[in-house]
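**Q** I'd like to ask you about the structure that follows.
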Amino acid sequence: MSQYHIKHLEEYYQVYRKSVNQPETFWAEIAEEHFVWRKKWDKVLEWDFEKPEVKWFQGAKLNITENCIDRHLQANGNKTAILFEPNNPDEASQHISYNDLHNRVAKFANVLKSKGIKKGDRVCIYLPMIPELAISVLACARIGAIHSVVFAGFSASALSTRINDSDCKMVITSDGGYRGAKTIDLKGIVDEALESCPGVENVLVAKRINSDIKLKEGRDYWLQPLLDEANDHCEAEIMDAEDPLFILYTSGSTGMPKGMLHSTAGYMVYTGYTFKNVFQYENNDVYWCTADIGWITGHSYIVYGPLANGATTVMFEGVPSYPDYGRFWEIVEKHKINQFYTAPTAIRALAKEGVEIIEKYDLSSLKVLGSVGEPINEEAWHWYNDNIGKRKSPIVDTWWQTETGGVMITPIPFSTPTKPTYATLPFPGIQPVLMGENGEELDGNQVEGKLCVKFPWPSMARTIWGNHKRYRETYFSAFRGYYFTGDGALRDEVGYYRITGRVDDVIIVSGHNLGTAPIEDAINEHPAVVESAIVGFPHDIKGNALYGYVTLKDTGEGRNQYNLRNEINQIITEHIGPIAKLDKIQFTEGLPKTRSGKIMRRILRKIATHDTSNLGDTSTLLNPEVVEGIMANVIE
Ligand code: 7RM
């Protein structure tokens, strides 16, 4: 039996028990047998959820890129590491071997050094899904710089907030990007963002769409000429186990996005180990995760996890609908994809297009299907299982978070019997608990509560960049001594977990986490707006969509409500990005408030979902009279 590669349900239970009973022995064995170290650790784990502080593999020295690249060169140098599939199907795909990747990362790392980037400096990466994105991430890791990838769909204002929060010295971007039939002007967005980012010294610009952009003298450089000049050898910076690897922003229920900080050794061990088992990756498999590297799923399961296992990982630049809704299946056939990992929102969008388009393609290479990002509804689960997996490829419904770094609750395919809408069992090393109303652990099965984790795991985020207090308050205060996920869950009669959704003011739209507060802040900047409240409502494709209640200063008949709706969505697009646009906007006389002045979202949520038979007690409201008016004007 190999505990690194679980192949039966009994083996899973055996490994799981060991991971709980002897966590330090367990993780030390995984780390020692399957990763390369410049120096071994002195201590496997030190932790305290009160402070909170967590340290894994203290005293160890390593570089994650030696694990993800160098160690594979001897046996697998010519194997494809990254298989790049362009937006346009007529453009050739690129097979980047481990040897190529090694040289390209070294060159890029030397360019970073030549521009003054040192260990510990923050580098913002704002790129479309082109090879330079993965390469720049690895180049930062090679020299110990902390990468902060910002998804290239975020606006200039969202980008500048993130750059400033972590004091990035450099931005890596491109002249633009392709997304289906559209192009995006990334360099223009960066220029606008940098008007308010005095700390950025240099911008490196990759060429992708050959657009006519301006380089700011002394600040901006085309990347390619610098790479052409650079040496293709770069010694890896030797890092301590707990040295930071990257920052990745995630939305919170209030204010500023949270810069989740991940450290080196634990993140590497956990993403590598989960990748192997969750996808049952075998040597010559071709694995494809459709996420963007701008999200945690891309960091952990396009870049680090697969490469740590010497896998072939596909990077797709485009969208599922271009040139038509057969694109995903065309790629599966073309590259004989073995493991396919996507989000419920994509599955629902594809299901809507019917099965005829799928029948044109040979999907017989598929072995494992994955789902991530939000609860997968039963209908989507069956559609995926019947039409894509042909009822022979297990679906792994993987529950995890930006904060957890890697998959936490998931079936192990071919071992764990799956059950629609259930993420099933905790991965080895993970100790989930459900908490009751009074903050007590709910024992036994068939219970529902708030999902917490009671023991540390190697890839948990160590802090929020620059704000450890907020880290403690957000994750370790709701239940003392526990990590609180913000999700609700239930445990069925056999101990399987089903995630029921967020229990805070985060709404998941098309798999993207959106905090309500930043959207409301944006809307409230409109001169005609007094205040606003955002709630989610169920949407066939997006999972949830956004419903906004907006109180205007002047509700006079003269106002053009159509224009106002467009203006509100325009402001949201500028502040956050088009993903946060509202599907429905209702203008209100006022919003229901508690006596302490808090908007009662519970009531607004019910109205938006037409679930008004039982609004609960409204008598404690400061202004119960507004509720009737809101109900009368609800948008269908
Ligand atoms: C990986 C990722 C995290 C939130 C999380 C949940 C929700 C993610 C599932 C899920 C039900 C799943 N990171 N979520 N996966 N809910 N089943 N399989 O998505 O930081 O962007 O989002 O997403 O609410 O807390 S994330």
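By order of appearance in the structure tokens: chains A, B, ..., then residues from 1 within every chain, and ligands from 1 in the order shown.
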Enumerate, in order of chain and increasing residue number, the residues of range 327-435 of chain A with an atom no farther than 7 Å from range 533-555 of chain A, each with its shortest atom pair and distance in Å to one decimal, counting only C-alpha atoms, as CSV.
**A**
```
residue,atom,partner,partner_atom,distance
A:Thr345,CA,A:Lys542,CA,5.2
A:Arg348,CA,A:Ile541,CA,5.1
A:Ala349,CA,A:Ile541,CA,5.5
```
**Q** Give as a ChimeraX atom specification the residues surrounding ligand 1 up to a distance of 9 Å, considering only C-alpha atoms and all ligand atoms.
**A** /A:250-251,295-297,343-344,371-376,396-407,409-410,421-423,485-489,498-503,506-508,511-513
**Q** Identify which of the residues A:Asp324, A:Asp121, A:Asp191, A:Asp175 lies closest to Leu245 in chain A, counting only C-alpha atoms when measuring atom-to-atom distances.
**A**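 Residue with the minimum atom-to-atom distance to Leu245 in chain A: A:Asp121.
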**Q** Range 264-484 of chain A: which residues are strand (DSSP E or B) by DSSP, as a ChimeraX atom specification?
**A** /A:286-289,312-316,339-342,368-371,395-397,399,409,424,426,432-435,441,447-453,463-464,483-484
**Q** Enumerate, as a PyMOL selection string, the complete set of residues in range 351-517 of chain A that a backbone-based DSSP assignment places in helix (DSSP H, G or I).
**A** chain A and resi 351+356-359+378-388+468-475+516-517
**Q** Which residues, written as JSON, numbers by chain, have at least one atom at most 12 Å from Pro527 in chain A, with only C-alpha atoms counted and residues fewer than 2 positions away on the same chain left out?
**A** {"A": [522, 523, 524, 525, 529, 530, 531, 551, 552, 553, 554, 564, 567, 568, 571]}
**Q** Take the residues from that selection and put them in a file with all heavy atoms, as a short mmCIF file (atom, residue, chain, number, x, y, z; two decimals), in the first residue's frame.
**A**
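This is the output file selection36.cif:
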```cif
data_model
loop_
_atom_site.label_atom_id
_atom_site.label_comp_id
_atom_site.auth_asym_id
_atom_site.auth_seq_id
_atom_site.Cartn_x
_atom_site.Cartn_y
_atom_site.Cartn_z
N ALA A 522 -19.78 50.66 -4.22
CA ALA A 522 -19.67 51.19 -5.59
C ALA A 522 -20.96 51.89 -5.99
O ALA A 522 -20.95 53.04 -6.45
CB ALA A 522 -19.32 50.07 -6.56
N ILE A 523 -22.09 51.22 -5.77
CA ILE A 523 -23.39 51.79 -6.17
C ILE A 523 -23.63 53.12 -5.46
O ILE A 523 -24.11 54.09 -6.04
CB ILE A 523 -24.54 50.84 -5.82
CG1 ILE A 523 -24.37 49.52 -6.55
CG2 ILE A 523 -25.89 51.46 -6.14
CD1 ILE A 523 -25.37 48.46 -6.10
N ASN A 524 -23.27 53.12 -4.18
CA ASN A 524 -23.55 54.30 -3.37
C ASN A 524 -22.78 55.53 -3.83
O ASN A 524 -23.06 56.64 -3.41
CB ASN A 524 -23.29 54.01 -1.90
CG ASN A 524 -24.20 52.90 -1.37
OD1 ASN A 524 -25.13 52.47 -2.08
ND2 ASN A 524 -23.95 52.43 -0.18
N GLU A 525 -21.78 55.31 -4.68
CA GLU A 525 -21.05 56.46 -5.21
C GLU A 525 -21.82 57.20 -6.29
O GLU A 525 -21.48 58.31 -6.66
CB GLU A 525 -19.70 56.01 -5.77
CG GLU A 525 -18.79 55.60 -4.64
CD GLU A 525 -17.33 55.68 -4.99
OE1 GLU A 525 -17.01 56.09 -6.12
OE2 GLU A 525 -16.54 55.33 -4.12
N VAL A 529 -27.88 58.08 -5.68
CA VAL A 529 -28.18 56.97 -4.78
C VAL A 529 -27.98 57.35 -3.32
O VAL A 529 -26.98 57.96 -2.96
CB VAL A 529 -27.30 55.75 -5.12
CG1 VAL A 529 -27.43 54.66 -4.06
CG2 VAL A 529 -27.66 55.21 -6.50
N VAL A 530 -28.96 56.96 -2.48
CA VAL A 530 -28.82 57.14 -1.05
C VAL A 530 -28.11 55.93 -0.46
O VAL A 530 -27.09 56.03 0.19
CB VAL A 530 -30.19 57.29 -0.36
CG1 VAL A 530 -30.02 57.46 1.14
CG2 VAL A 530 -30.97 58.43 -0.97
N GLU A 531 -28.69 54.79 -0.68
CA GLU A 531 -28.06 53.57 -0.19
C GLU A 531 -28.60 52.38 -0.96
O GLU A 531 -29.54 52.49 -1.75
CB GLU A 531 -28.29 53.39 1.31
CG GLU A 531 -29.74 53.24 1.65
CD GLU A 531 -29.93 52.90 3.12
OE1 GLU A 531 -28.93 52.67 3.82
OE2 GLU A 531 -31.08 52.83 3.55
N THR A 551 -32.06 52.76 -3.02
CA THR A 551 -32.87 53.90 -2.63
C THR A 551 -32.27 55.16 -3.25
O THR A 551 -31.07 55.41 -3.12
CB THR A 551 -32.91 54.03 -1.09
OG1 THR A 551 -33.32 52.78 -0.55
CG2 THR A 551 -33.89 55.11 -0.66
N LEU A 552 -33.15 55.90 -3.94
CA LEU A 552 -32.69 57.10 -4.64
C LEU A 552 -32.98 58.34 -3.82
O LEU A 552 -33.90 58.37 -3.01
CB LEU A 552 -33.41 57.21 -5.98
CG LEU A 552 -33.19 56.06 -6.95
CD1 LEU A 552 -34.06 56.25 -8.18
CD2 LEU A 552 -31.72 55.95 -7.33
N LYS A 553 -32.17 59.38 -4.08
CA LYS A 553 -32.39 60.65 -3.39
C LYS A 553 -33.71 61.26 -3.81
O LYS A 553 -34.42 61.84 -3.02
CB LYS A 553 -31.26 61.62 -3.73
CG LYS A 553 -29.97 61.19 -3.06
CD LYS A 553 -28.85 62.19 -3.31
CE LYS A 553 -27.60 61.69 -2.60
NZ LYS A 553 -26.38 62.03 -3.28
N ASP A 554 -34.00 61.11 -5.10
CA ASP A 554 -35.18 61.76 -5.65
C ASP A 554 -35.88 60.72 -6.51
O ASP A 554 -35.37 60.32 -7.54
CB ASP A 554 -34.69 62.95 -6.49
CG ASP A 554 -35.76 63.45 -7.43
OD1 ASP A 554 -36.95 63.14 -7.21
OD2 ASP A 554 -35.38 64.14 -8.40
N LEU A 564 -30.62 54.92 -15.38
CA LEU A 564 -30.06 54.80 -14.04
C LEU A 564 -29.56 53.38 -13.80
O LEU A 564 -28.50 53.16 -13.23
CB LEU A 564 -31.16 55.16 -13.04
CG LEU A 564 -30.75 55.86 -11.77
CD1 LEU A 564 -29.75 56.96 -12.03
CD2 LEU A 564 -32.00 56.44 -11.10
N GLU A 567 -26.35 53.01 -15.55
CA GLU A 567 -25.28 53.76 -14.88
C GLU A 567 -24.79 53.01 -13.63
O GLU A 567 -23.59 53.00 -13.34
CB GLU A 567 -25.77 55.16 -14.48
CG GLU A 567 -25.87 56.10 -15.67
CD GLU A 567 -26.66 57.38 -15.34
OE1 GLU A 567 -26.74 57.75 -14.14
OE2 GLU A 567 -27.21 57.98 -16.28
N ILE A 568 -25.73 52.41 -12.92
CA ILE A 568 -25.33 51.66 -11.72
C ILE A 568 -24.44 50.48 -12.11
O ILE A 568 -23.39 50.26 -11.52
CB ILE A 568 -26.60 51.22 -10.95
CG1 ILE A 568 -27.20 52.44 -10.24
CG2 ILE A 568 -26.27 50.11 -9.94
CD1 ILE A 568 -28.56 52.21 -9.63
N ILE A 571 -20.98 51.74 -12.99
CA ILE A 571 -20.14 52.03 -11.81
C ILE A 571 -19.59 50.75 -11.22
O ILE A 571 -18.41 50.66 -10.83
CB ILE A 571 -20.96 52.79 -10.73
CG1 ILE A 571 -21.25 54.20 -11.19
CG2 ILE A 571 -20.25 52.79 -9.39
CD1 ILE A 571 -21.59 55.16 -10.08
#
```
**Q** Please list as a list of chain:residue names every residue within 9 Å of range 464-481 of chain A, counting only C-alpha atoms and excluding residues in the same chain fewer than 6 positions away.
**A**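 With the cut-off at 9 Å, the set is A:Asp48, A:Phe49, A:Glu50, A:Lys51, A:Pro52, A:Asp165, A:Ser166, A:Ile247, A:Gly252, A:Lys258, A:Gly259, A:Met260, A:Leu261, A:Met435, A:Gly439, A:Glu440, A:Cys452, A:Lys454.
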**Q** Between CA of Ile357 in chain A and CA of Arg327 in chain A, what distance in Å does the model show, to one decimal?
**A** 9.5 Å
